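Asker: This one is protein_12.txt, compact mmCIF, C-alpha atoms and all ligand atoms.
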```txt
# COMPACT_ATOMS: atom_id res chain seq x y z
CA MET A 1 -21.26 39.61 -35.27
CA VAL A 2 -24.47 41.12 -33.95
CA VAL A 3 -25.32 37.59 -32.77
CA GLU A 4 -22.29 37.84 -30.50
CA LEU A 5 -23.43 41.28 -29.29
CA VAL A 6 -26.93 40.10 -28.40
CA GLN A 7 -25.43 37.07 -26.66
CA ALA A 8 -23.05 39.29 -24.66
CA PHE A 9 -25.22 42.38 -23.99
CA GLY A 10 -28.82 41.29 -24.58
CA THR A 11 -31.48 40.85 -21.92
CA PRO A 12 -32.93 37.32 -21.58
CA ALA A 13 -35.96 38.51 -23.60
CA GLN A 14 -33.75 39.93 -26.40
CA ARG A 15 -31.73 36.72 -26.54
CA GLU A 16 -34.89 34.65 -26.67
CA GLU A 17 -36.41 36.79 -29.40
CA MET A 18 -33.38 37.41 -31.58
CA LEU A 19 -30.61 34.82 -31.34
CA GLU A 20 -32.14 31.95 -33.24
CA PRO A 21 -33.79 34.11 -35.95
CA MET A 22 -30.42 35.83 -36.51
CA ILE A 23 -28.60 32.54 -36.79
CA VAL A 24 -31.08 31.11 -39.31
CA GLY A 25 -31.20 34.41 -41.24
CA GLU A 26 -34.76 35.48 -40.46
CA TYR A 27 -33.43 38.53 -38.64
CA ARG A 28 -30.63 40.47 -40.34
CA VAL A 29 -29.20 43.29 -38.24
CA ALA A 30 -27.27 46.20 -39.77
CA PHE A 31 -24.83 48.32 -37.76
CA GLY A 32 -25.35 52.08 -37.76
CA LEU A 33 -22.53 53.97 -36.08
CA THR A 34 -20.89 56.13 -38.77
CA GLU A 35 -22.52 59.44 -39.65
CA PRO A 36 -22.07 62.06 -42.37
CA ASN A 37 -19.91 64.22 -40.08
CA HIS A 38 -18.26 61.56 -37.93
CA GLY A 39 -16.55 58.24 -38.67
CA SER A 40 -13.19 57.73 -36.95
CA ASP A 41 -14.29 60.06 -34.15
CA ALA A 42 -17.46 58.07 -33.53
CA ALA A 43 -17.86 59.33 -29.95
CA HIS A 44 -18.67 62.73 -31.49
CA LEU A 45 -21.75 61.33 -33.22
CA GLU A 46 -24.65 63.75 -33.62
CA THR A 47 -27.62 61.37 -33.57
CA ARG A 48 -29.55 61.99 -30.37
CA ALA A 49 -32.10 59.93 -28.44
CA ARG A 50 -34.44 61.47 -25.89
CA GLN A 51 -36.94 59.84 -23.56
CA GLU A 52 -40.61 60.52 -24.20
CA GLY A 53 -43.05 58.72 -21.94
CA GLY A 54 -41.63 55.24 -21.67
CA ASP A 55 -40.14 55.37 -25.20
CA TRP A 56 -36.95 56.63 -26.79
CA VAL A 57 -37.12 58.95 -29.81
CA LEU A 58 -34.09 59.09 -32.12
CA ASP A 59 -33.11 61.87 -34.52
CA GLY A 60 -30.03 62.06 -36.72
CA ALA A 61 -28.43 60.41 -39.75
CA LYS A 62 -26.19 57.44 -40.56
CA ARG A 63 -23.75 56.84 -43.40
CA PHE A 64 -22.39 53.58 -44.90
CA ASN A 65 -25.02 51.67 -42.94
CA SER A 66 -24.21 48.37 -44.69
CA TRP A 67 -26.76 45.63 -45.39
CA MET A 68 -29.74 47.98 -45.10
CA HIS A 69 -31.04 46.66 -48.42
CA SER A 70 -32.19 43.50 -46.62
CA ALA A 71 -31.87 44.22 -42.90
CA THR A 72 -34.80 43.56 -40.61
CA HIS A 73 -33.20 45.64 -37.82
CA ASP A 74 -30.62 48.37 -37.53
CA LEU A 75 -28.39 48.61 -34.47
CA LEU A 76 -28.37 52.38 -34.12
CA PHE A 77 -26.04 54.33 -31.87
CA ALA A 78 -27.22 57.64 -30.44
CA ARG A 79 -26.12 60.01 -27.70
CA THR A 80 -28.45 59.92 -24.71
CA SER A 81 -26.33 62.01 -22.30
CA GLY A 82 -22.99 63.74 -21.97
CA GLU A 83 -21.01 65.84 -24.40
CA PRO A 84 -19.68 65.15 -27.91
CA GLY A 85 -16.54 63.02 -27.56
CA ASP A 86 -17.47 61.53 -24.19
CA GLY A 87 -17.00 57.76 -24.04
CA GLU A 88 -19.99 57.52 -21.73
CA GLY A 89 -23.48 58.57 -22.79
CA ILE A 90 -23.86 56.74 -26.09
CA THR A 91 -26.61 54.10 -26.23
CA ALA A 92 -27.19 51.24 -28.68
CA PHE A 93 -30.76 50.64 -29.91
CA LEU A 94 -32.12 47.63 -31.80
CA VAL A 95 -34.51 49.28 -34.23
CA PRO A 96 -36.76 47.34 -36.64
CA THR A 97 -36.14 48.75 -40.13
CA SER A 98 -39.91 49.08 -40.60
CA THR A 99 -40.06 51.74 -37.85
CA PRO A 100 -41.55 55.02 -39.18
CA GLY A 101 -38.87 57.70 -39.61
CA LEU A 102 -36.04 55.27 -40.43
CA GLU A 103 -35.44 55.75 -44.16
CA VAL A 104 -32.76 54.74 -46.65
CA ASP A 105 -32.06 57.90 -48.67
CA HIS A 106 -29.73 56.21 -51.17
CA PHE A 107 -26.92 53.67 -51.46
CA TRP A 108 -23.31 54.69 -52.09
CA TRP A 109 -21.61 53.27 -55.18
CA THR A 110 -18.19 52.12 -53.92
CA PHE A 111 -14.84 50.99 -55.35
CA ASN A 112 -15.87 47.38 -55.08
CA MET A 113 -19.23 47.53 -56.85
CA PRO A 114 -22.62 49.17 -56.66
CA THR A 115 -23.36 48.18 -53.11
CA ASP A 116 -25.64 48.21 -50.15
CA HIS A 117 -23.92 50.86 -48.04
CA ALA A 118 -26.80 53.13 -47.18
CA GLU A 119 -27.22 56.76 -46.30
CA VAL A 120 -29.96 56.65 -43.69
CA SER A 121 -32.09 59.37 -42.17
CA VAL A 122 -33.38 58.96 -38.64
CA LYS A 123 -36.31 61.30 -38.03
CA GLY A 124 -38.41 60.91 -34.90
CA VAL A 125 -37.76 57.16 -34.75
CA ARG A 126 -39.70 55.94 -31.72
CA VAL A 127 -38.73 52.69 -29.99
CA PRO A 128 -39.74 51.19 -26.65
CA ALA A 129 -37.37 51.13 -23.67
CA ASP A 130 -36.58 47.47 -24.25
CA ALA A 131 -34.97 48.32 -27.61
CA VAL A 132 -31.79 49.33 -25.75
CA LEU A 133 -28.98 46.80 -26.18
CA GLY A 134 -26.68 46.78 -23.15
CA GLU A 135 -26.78 49.55 -20.58
CA VAL A 136 -28.07 53.04 -21.31
CA GLY A 137 -25.01 55.22 -21.86
CA GLU A 138 -22.69 52.25 -22.39
CA GLY A 139 -23.19 51.76 -26.12
CA LEU A 140 -19.53 52.37 -26.88
CA ALA A 141 -18.73 49.04 -25.22
CA VAL A 142 -21.20 47.38 -27.61
CA ALA A 143 -19.57 49.10 -30.59
CA GLN A 144 -16.09 48.13 -29.39
CA ARG A 145 -17.08 44.50 -29.08
CA PHE A 146 -18.33 44.61 -32.67
CA VAL A 147 -15.19 46.19 -34.11
CA HIS A 148 -12.86 43.92 -32.14
CA SER A 149 -14.53 40.82 -33.56
CA SER A 150 -14.61 42.33 -37.01
CA ARG A 151 -10.98 43.44 -36.93
CA ILE A 152 -9.58 40.01 -36.11
CA ARG A 153 -11.93 38.42 -38.67
CA GLN A 154 -10.72 40.87 -41.32
CA ALA A 155 -7.10 40.20 -40.38
CA ALA A 156 -7.51 36.44 -40.73
CA ALA A 157 -9.32 36.85 -44.06
CA SER A 158 -6.60 39.16 -45.32
CA VAL A 159 -3.78 36.77 -44.45
CA GLY A 160 -5.65 34.00 -46.28
CA ALA A 161 -6.26 36.18 -49.33
CA ALA A 162 -2.64 37.32 -49.35
CA GLN A 163 -1.33 33.76 -49.21
CA TYR A 164 -3.65 32.77 -52.06
CA CYS A 165 -2.32 35.61 -54.22
CA ILE A 166 1.29 34.69 -53.39
CA ASP A 167 0.74 30.99 -54.14
CA GLU A 168 -1.02 31.72 -57.42
CA ALA A 169 1.71 34.15 -58.50
CA VAL A 170 4.46 31.63 -57.69
CA ALA A 171 2.65 28.88 -59.64
CA TYR A 172 2.13 31.17 -62.62
CA ALA A 173 5.75 32.36 -62.59
CA LYS A 174 6.90 28.75 -62.82
CA GLN A 175 4.84 27.97 -65.91
CA ARG A 176 4.88 31.31 -67.78
CA HIS A 177 7.89 31.73 -70.08
CA THR A 178 9.45 34.96 -71.37
CA TRP A 179 12.59 34.99 -73.51
CA GLY A 180 12.46 31.20 -73.48
CA LYS A 181 12.80 30.89 -69.68
CA PRO A 182 10.33 30.56 -66.82
CA LEU A 183 9.46 33.92 -65.26
CA ALA A 184 10.34 32.33 -61.92
CA VAL A 185 14.11 32.33 -62.59
CA ASN A 186 14.21 36.14 -62.34
CA GLN A 187 15.05 37.57 -58.94
CA GLY A 188 12.89 40.56 -59.87
CA ILE A 189 9.97 38.12 -59.70
CA GLN A 190 11.25 36.05 -56.76
CA PHE A 191 12.21 38.72 -54.24
CA PRO A 192 8.94 40.70 -53.98
CA LEU A 193 7.05 37.42 -53.57
CA THR A 194 9.58 36.25 -50.99
CA GLU A 195 9.03 39.44 -48.98
CA LEU A 196 5.27 38.98 -49.14
CA HIS A 197 5.51 35.30 -48.24
CA THR A 198 7.64 36.18 -45.21
CA ASP A 199 5.16 38.86 -44.10
CA ALA A 200 2.28 36.40 -44.49
CA GLU A 201 4.08 33.93 -42.26
CA LEU A 202 4.73 36.61 -39.61
CA LEU A 203 1.17 37.89 -39.72
CA ARG A 204 -0.35 34.41 -39.56
CA GLY A 205 1.48 33.97 -36.27
CA LEU A 206 0.29 37.34 -34.97
CA VAL A 207 -3.32 36.71 -35.98
CA ARG A 208 -3.36 33.28 -34.33
CA ARG A 209 -1.77 34.54 -31.14
CA THR A 210 -4.13 37.52 -30.98
CA ALA A 211 -7.19 35.33 -31.55
CA TRP A 212 -5.94 32.99 -28.84
CA GLU A 213 -5.47 35.89 -26.41
CA LEU A 214 -8.88 37.26 -27.39
CA ASP A 215 -10.53 34.02 -26.34
CA ARG A 216 -8.84 34.19 -22.94
CA GLN A 217 -8.77 37.83 -21.89
CA ASN A 218 -10.90 40.91 -21.63
CA GLN A 219 -10.96 42.32 -25.17
CA LEU A 220 -9.61 45.68 -24.00
CA GLU A 221 -6.44 43.93 -22.79
CA VAL A 222 -5.52 42.92 -26.32
CA THR A 223 -7.04 45.80 -28.24
CA GLN A 224 -3.68 47.04 -29.53
CA MET A 225 -2.69 43.57 -30.73
CA ILE A 226 -5.97 43.36 -32.66
CA SER A 227 -5.16 46.69 -34.27
CA MET A 228 -1.63 45.60 -35.19
CA ALA A 229 -2.91 42.41 -36.80
CA ASN A 230 -5.71 44.26 -38.57
CA PHE A 231 -3.88 47.09 -40.25
CA ARG A 232 -0.86 45.07 -41.30
CA ALA A 233 -2.84 42.07 -42.60
CA ASN A 234 -5.24 44.27 -44.58
CA ARG A 235 -2.32 46.12 -46.12
CA LEU A 236 -0.59 42.82 -46.91
CA ALA A 237 -3.67 41.52 -48.77
CA CYS A 238 -3.65 44.62 -50.97
CA ASP A 239 0.10 44.41 -51.58
CA ALA A 240 -0.08 40.69 -52.43
CA ALA A 241 -3.06 41.16 -54.78
CA ASP A 242 -1.25 44.02 -56.47
CA ARG A 243 1.88 41.88 -56.87
CA ALA A 244 -0.14 38.94 -58.20
CA MET A 245 -1.66 41.25 -60.82
CA GLN A 246 1.84 42.39 -61.77
CA VAL A 247 3.26 38.86 -62.07
CA HIS A 248 0.27 37.78 -64.19
CA GLY A 249 0.80 40.76 -66.51
CA GLY A 250 -2.18 41.88 -68.57
CA MET A 251 -4.19 38.83 -67.56
CA GLY A 252 -3.73 39.86 -63.92
CA TYR A 253 -5.56 43.09 -64.65
CA THR A 254 -8.57 41.34 -66.18
CA ARG A 255 -11.68 40.30 -64.35
CA HIS A 256 -11.10 36.75 -65.63
CA LEU A 257 -8.60 36.30 -62.79
CA PRO A 258 -9.52 37.09 -59.17
CA PHE A 259 -6.71 39.43 -58.15
CA GLU A 260 -8.23 42.78 -59.04
CA HIS A 261 -11.37 41.79 -57.12
CA ILE A 262 -9.32 40.69 -54.12
CA TYR A 263 -7.55 44.05 -54.26
CA ARG A 264 -10.83 46.01 -54.36
CA HIS A 265 -12.41 43.96 -51.60
CA HIS A 266 -9.50 44.14 -49.18
CA ARG A 267 -8.78 47.80 -49.96
CA ARG A 268 -12.03 48.48 -48.16
CA TYR A 269 -10.73 46.79 -45.04
CA ARG A 270 -8.03 49.45 -44.76
CA ILE A 271 -10.80 51.98 -44.09
CA THR A 272 -13.73 50.20 -42.41
CA GLU A 273 -13.76 48.92 -38.82
CA GLY A 274 -11.44 51.84 -38.08
CA ALA A 275 -9.10 53.04 -40.82
CA GLU A 276 -5.48 52.02 -40.53
CA GLU A 277 -4.50 55.39 -39.08
CA VAL A 278 -7.05 54.81 -36.33
CA GLN A 279 -5.55 51.39 -35.63
CA MET A 280 -2.07 52.92 -35.52
CA ARG A 281 -3.38 55.63 -33.20
CA LYS A 282 -4.51 52.90 -30.83
CA VAL A 283 -1.15 51.12 -30.92
CA ALA A 284 0.64 54.46 -30.49
CA ALA A 285 -1.59 55.32 -27.51
CA GLU A 286 -0.35 52.15 -25.82
CA LEU A 287 3.24 52.66 -26.92
CA PHE A 288 3.45 56.28 -25.79
CA GLY A 289 1.13 55.96 -22.80
CA PHE A 290 -1.68 58.15 -24.16
CA GLY A 291 -4.32 55.44 -23.51
CA GLY A 292 -7.79 55.76 -22.07
CA ARG A 293 -11.35 55.59 -23.30
CA ALA A 294 -11.03 58.77 -25.31
CA ASN A 295 -8.61 56.90 -27.56
CA ALA A 296 -10.78 53.81 -27.99
C1 LIG B 301 -17.69 49.93 -47.79
C2 LIG B 301 -17.91 50.51 -46.43
C3 LIG B 301 -18.75 49.86 -45.53
C4 LIG B 301 -18.99 50.42 -44.28
N1 LIG B 301 -19.90 49.83 -43.43
C5 LIG B 301 -20.21 50.44 -42.27
C6 LIG B 301 -21.26 49.93 -41.44
O1 LIG B 301 -21.91 48.93 -41.74
N2 LIG B 301 -21.58 50.61 -40.31
C7 LIG B 301 -20.91 51.75 -39.92
O2 LIG B 301 -21.25 52.29 -38.86
N3 LIG B 301 -19.90 52.25 -40.67
C8 LIG B 301 -19.56 51.64 -41.84
N4 LIG B 301 -18.57 52.16 -42.65
C9 LIG B 301 -17.93 53.41 -42.26
C10 LIG B 301 -16.48 53.23 -41.80
O3 LIG B 301 -16.45 52.66 -40.53
C11 LIG B 301 -15.84 54.64 -41.85
O4 LIG B 301 -15.73 55.02 -43.22
C12 LIG B 301 -14.49 54.65 -41.16
O5 LIG B 301 -14.62 54.46 -39.78
C13 LIG B 301 -13.74 55.96 -41.42
O6 LIG B 301 -14.55 57.04 -41.11
P1 LIG B 301 -14.74 58.23 -42.18
O7 LIG B 301 -15.05 57.64 -43.50
O8 LIG B 301 -15.72 59.20 -41.61
O9 LIG B 301 -13.32 58.90 -42.29
P2 LIG B 301 -12.75 60.09 -41.35
O10 LIG B 301 -12.97 59.75 -39.92
O11 LIG B 301 -13.25 61.38 -41.84
O12 LIG B 301 -11.20 59.97 -41.65
C14 LIG B 301 -10.68 60.29 -42.95
C15 LIG B 301 -9.25 59.78 -43.02
O13 LIG B 301 -8.45 60.46 -42.05
C16 LIG B 301 -7.84 59.53 -41.18
N5 LIG B 301 -7.81 60.11 -39.84
C17 LIG B 301 -8.88 60.47 -39.09
N6 LIG B 301 -8.47 60.96 -37.91
C18 LIG B 301 -7.11 60.89 -37.91
C19 LIG B 301 -6.10 61.22 -36.97
N7 LIG B 301 -6.40 61.71 -35.76
N8 LIG B 301 -4.81 61.01 -37.31
C20 LIG B 301 -4.49 60.52 -38.52
N9 LIG B 301 -5.40 60.18 -39.45
C21 LIG B 301 -6.69 60.35 -39.15
C22 LIG B 301 -8.68 58.29 -41.24
O14 LIG B 301 -7.94 57.14 -40.90
C23 LIG B 301 -9.11 58.29 -42.70
O15 LIG B 301 -8.09 57.72 -43.48
C24 LIG B 301 -18.32 51.61 -43.91
C25 LIG B 301 -17.44 52.24 -44.80
C26 LIG B 301 -17.25 51.70 -46.06
C27 LIG B 301 -16.33 52.41 -47.02
```
Hey, can you dump this file as structure tokens for me?
Answerer:
Amino acid sequence: MVVELVQAFGTPAQREEMLEPMIVGEYRVAFGLTEPNHGSDAAHLETRARQEGGDWVLDGAKRFNSWMHSATHDLLFARTSGEPGDGEGITAFLVPTSTPGLEVDHFWWTFNMPTDHAEVSVKGVRVPADAVLGEVGEGLAVAQRFVHSSRIRQAAASVGAAQYCIDEAVAYAKQRHTWGKPLAVNQGIQFPLTELHTDAELLRGLVRRTAWELDRQNQLEVTQMISMANFRANRLACDAADRAMQVHGGMGYTRHLPFEHIYRHHRRYRITEGAEEVQMRKVAAELFGFGGRANA
């Protein structure tokens, strides 16, 4: 998704330098917005950047900075002006991971597996003026573009994963016998899967329509639709994986079938790219008329 950001916000020189290497995998760019003290309320971030000579110098810390185990660059967000919580005044910087002062302290071990989600310290990280991606002070627009793309991608992936779990559970229920009859004849098996199948159909429609709108409109026009699709699809994937585990009985709980892994993977989506409460907050802001950049 950083390819899309450089395409949309990059200078001609940044596009020339970065686009092709990112596409072929020579450049791998991590995304550093979340901090130890601020996640959902990202506009309150505490990392600061100040100008020194012609350079910028960044100080702060980042949390869950994914992919830092192999990233060549980190897209770091820092406040360059304004007050905590202001939508304006945050700037995005493309920082090579080899820059002195940018250090991975450790990686967090998560629900899914030991992973690459880094705790990063940012101490006197000096970058030239042309490291800024987008306009100075307009980094929140860069971050929003990233999460919008990621949210619809997650939603589509979750609908697909949910449908897979439903289909596998239905197939298993037809061939597994208890008390001499297929599991599938029991309404206790049929009805939960029917509910999930119906939700998958509804969400597939919402995801497709939202993606279609996204291709045609300013992203901010459809931001609440993206949030609706995201939080409901991610929840559906978890519910369908949980149900597939239940229908498969003890085997469903093993790592020899994929459902527990699907559950762990998609459970993450209910927190990252804005937790589901944050998505609901966005929809509610539209519904109740509390909108505005402070709610982004
Ligand atoms: C596996 C993983 C990978 C990640 N990768 C990245 C990455 O690459 N880059 C990056 O920048 N970040 C990344 N993150 C961080 C992620 O974006 C944050 O965890 C997320 O935004 C939530 O922030 P938080 O953890 O600080 O929770 P908090 O903001 O502290 O919120 C805690 C809980 O309270 C809820 N909550 C908060 N405010 C309200 C409210 N007003 N009303 C109701 N409920 C509320 C939240 O929804 C959440 O459930 C990753 C996280 C994980 C777990």
Asker: List the neighbours of A:Leu287 out to 12 Å using only C-alpha atoms; skip same-chain residues closer than 6 positions along the sequence, and give me the result as a count of residues only.
Answerer: 5
Asker: Quick one: what's the axis-aligned box for ligand LIG 301 (chain B), all listed atoms, 6 Å on every side, centre and edges in Å to one decimal, as AutoDock Vina command-line options?
Answerer:
```
--center_x -13.2 --center_y 55.3 --center_z -41.8 --size_x 29.4 --size_y 24.8 --size_z 24.0
```
Asker: Ligand LIG 301 (chain B): which residues are within 6 Å, counting only C-alpha atoms and all ligand atoms? Reply as a list in words.
Answerer: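 These are the residues that qualify: Phe31, Gly32, Leu33, Thr34, His38, Gly39, Ser40, Asp41, Phe64, Asn65, Ser66, His117, Arg268, Ile271, Thr272, Glu273, Gly274, Ala275, Glu276, Glu277 and Val278 of chain A.
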Asker: Hey, which of A:Thr80, A:Thr91, A:Gln14, A:Gln279 ends up closest to A:Leu140? Count all atoms listed in the file.
Answerer: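 Closest to A:Leu140 of all the choices is A:Thr91.
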Asker: Do a neighbour search on stretch 17-28 of chain A at 9 Å with only C-alpha atoms, toss out local chain neighbours closer than 5 positions, and write the hits as a CSV table (one decimal) with C-alpha atoms, keeping the file's coordinate frame.
Answerer:
```csv
chain,number,residue,atom,x,y,z
A,2,VAL,CA,-24.5,41.1,-34.0
A,3,VAL,CA,-25.3,37.6,-32.8
A,4,GLU,CA,-22.3,37.8,-30.5
A,6,VAL,CA,-26.9,40.1,-28.4
A,7,GLN,CA,-25.4,37.1,-26.7
A,12,PRO,CA,-32.9,37.3,-21.6
A,67,TRP,CA,-26.8,45.6,-45.4
A,68,MET,CA,-29.7,48.0,-45.1
A,70,SER,CA,-32.2,43.5,-46.6
A,71,ALA,CA,-31.9,44.2,-42.9
A,72,THR,CA,-34.8,43.6,-40.6
A,73,HIS,CA,-33.2,45.6,-37.8
A,74,ASP,CA,-30.6,48.4,-37.5
```
Asker: Can you pull out the residues contacting A:Arg208? Cut-off 10 Å, using all atoms listed in the file, and skip same-chain residues under 6 positions away; I want them as a ChimeraX atom specification.
Answerer: /A:152,155-156,214,229
Asker: With C-alpha atoms retained, export the selected residues as a short mmCIF file (atom, residue, chain, number, x, y, z; two decimals), in the coordinates of the input.
Answerer:
```
data_model
loop_
_atom_site.label_atom_id
_atom_site.label_comp_id
_atom_site.auth_asym_id
_atom_site.auth_seq_id
_atom_site.Cartn_x
_atom_site.Cartn_y
_atom_site.Cartn_z
CA ILE A 152 -9.58 40.01 -36.11
CA ALA A 155 -7.10 40.20 -40.38
CA ALA A 156 -7.51 36.44 -40.73
CA LEU A 214 -8.88 37.26 -27.39
CA ALA A 229 -2.91 42.41 -36.80
#
```
Asker: Can you list, as a short mmCIF file (atom, residue, chain, number, x, y, z; two decimals) with C-alpha atoms, in the coordinates of the input, every protein, DNA or RNA residue that comes within 8 Å of A:Val104 when you count all atoms listed in the file, leaving out same-chain residues fewer than 4 positions away?
Answerer:
```
data_model
loop_
_atom_site.label_atom_id
_atom_site.label_comp_id
_atom_site.auth_asym_id
_atom_site.auth_seq_id
_atom_site.Cartn_x
_atom_site.Cartn_y
_atom_site.Cartn_z
CA MET A 68 -29.74 47.98 -45.10
CA ALA A 118 -26.80 53.13 -47.18
CA GLU A 119 -27.22 56.76 -46.30
CA VAL A 120 -29.96 56.65 -43.69
CA SER A 121 -32.09 59.37 -42.17
#
```
Asker: If I only have part of stretch 54-76 of chain A, can you fill in N, CA and C atoms and write it as a compact mmCIF listing (two decimals), in the coordinates of the input?
Answerer:
```
# COMPACT_ATOMS: atom_id res chain seq x y z
N GLY A 54 -42.52 56.38 -21.92
CA GLY A 54 -41.63 55.24 -21.67
C GLY A 54 -40.75 54.90 -22.87
N ASP A 55 -40.86 55.69 -23.96
CA ASP A 55 -40.14 55.37 -25.20
C ASP A 55 -38.87 56.21 -25.35
N TRP A 56 -38.08 55.80 -26.33
CA TRP A 56 -36.95 56.63 -26.79
C TRP A 56 -37.29 57.14 -28.18
N VAL A 57 -36.90 58.38 -28.47
CA VAL A 57 -37.12 58.95 -29.81
C VAL A 57 -35.76 59.40 -30.35
N LEU A 58 -35.41 58.85 -31.53
CA LEU A 58 -34.09 59.09 -32.12
C LEU A 58 -34.18 60.05 -33.30
N ASP A 59 -33.21 60.95 -33.38
CA ASP A 59 -33.11 61.87 -34.52
C ASP A 59 -31.64 61.99 -34.93
N GLY A 60 -31.40 61.91 -36.24
CA GLY A 60 -30.03 62.06 -36.72
C GLY A 60 -29.89 61.46 -38.11
N ALA A 61 -28.70 60.97 -38.42
CA ALA A 61 -28.43 60.41 -39.75
C ALA A 61 -27.27 59.42 -39.65
N LYS A 62 -27.27 58.43 -40.53
CA LYS A 62 -26.19 57.44 -40.56
C LYS A 62 -25.67 57.32 -41.99
N ARG A 63 -24.39 57.00 -42.09
CA ARG A 63 -23.75 56.84 -43.40
C ARG A 63 -23.08 55.46 -43.48
N PHE A 64 -23.01 54.90 -44.68
CA PHE A 64 -22.39 53.58 -44.90
C PHE A 64 -23.00 52.54 -43.97
N ASN A 65 -24.30 52.62 -43.81
CA ASN A 65 -25.02 51.67 -42.94
C ASN A 65 -25.25 50.40 -43.78
N SER A 66 -24.21 49.53 -43.78
CA SER A 66 -24.21 48.37 -44.69
C SER A 66 -25.36 47.42 -44.40
N TRP A 67 -25.75 46.70 -45.43
CA TRP A 67 -26.76 45.63 -45.39
C TRP A 67 -28.19 46.15 -45.24
N MET A 68 -28.38 47.46 -45.30
CA MET A 68 -29.74 47.98 -45.10
C MET A 68 -30.69 47.58 -46.22
N HIS A 69 -30.14 47.08 -47.34
CA HIS A 69 -31.04 46.66 -48.42
C HIS A 69 -31.90 45.47 -48.00
N SER A 70 -31.41 44.68 -47.01
CA SER A 70 -32.19 43.50 -46.62
C SER A 70 -32.31 43.35 -45.11
N ALA A 71 -31.85 44.36 -44.36
CA ALA A 71 -31.87 44.22 -42.90
C ALA A 71 -33.30 44.27 -42.36
N THR A 72 -33.53 43.48 -41.32
CA THR A 72 -34.80 43.56 -40.61
C THR A 72 -34.70 44.52 -39.42
N HIS A 73 -33.45 44.74 -38.95
CA HIS A 73 -33.20 45.64 -37.82
C HIS A 73 -31.93 46.43 -38.11
N ASP A 74 -31.85 47.58 -37.47
CA ASP A 74 -30.62 48.37 -37.53
C ASP A 74 -30.17 48.61 -36.09
N LEU A 75 -28.92 48.32 -35.81
CA LEU A 75 -28.39 48.61 -34.47
C LEU A 75 -27.87 50.05 -34.52
N LEU A 76 -28.67 50.95 -34.00
CA LEU A 76 -28.37 52.38 -34.12
C LEU A 76 -27.75 52.91 -32.84
```
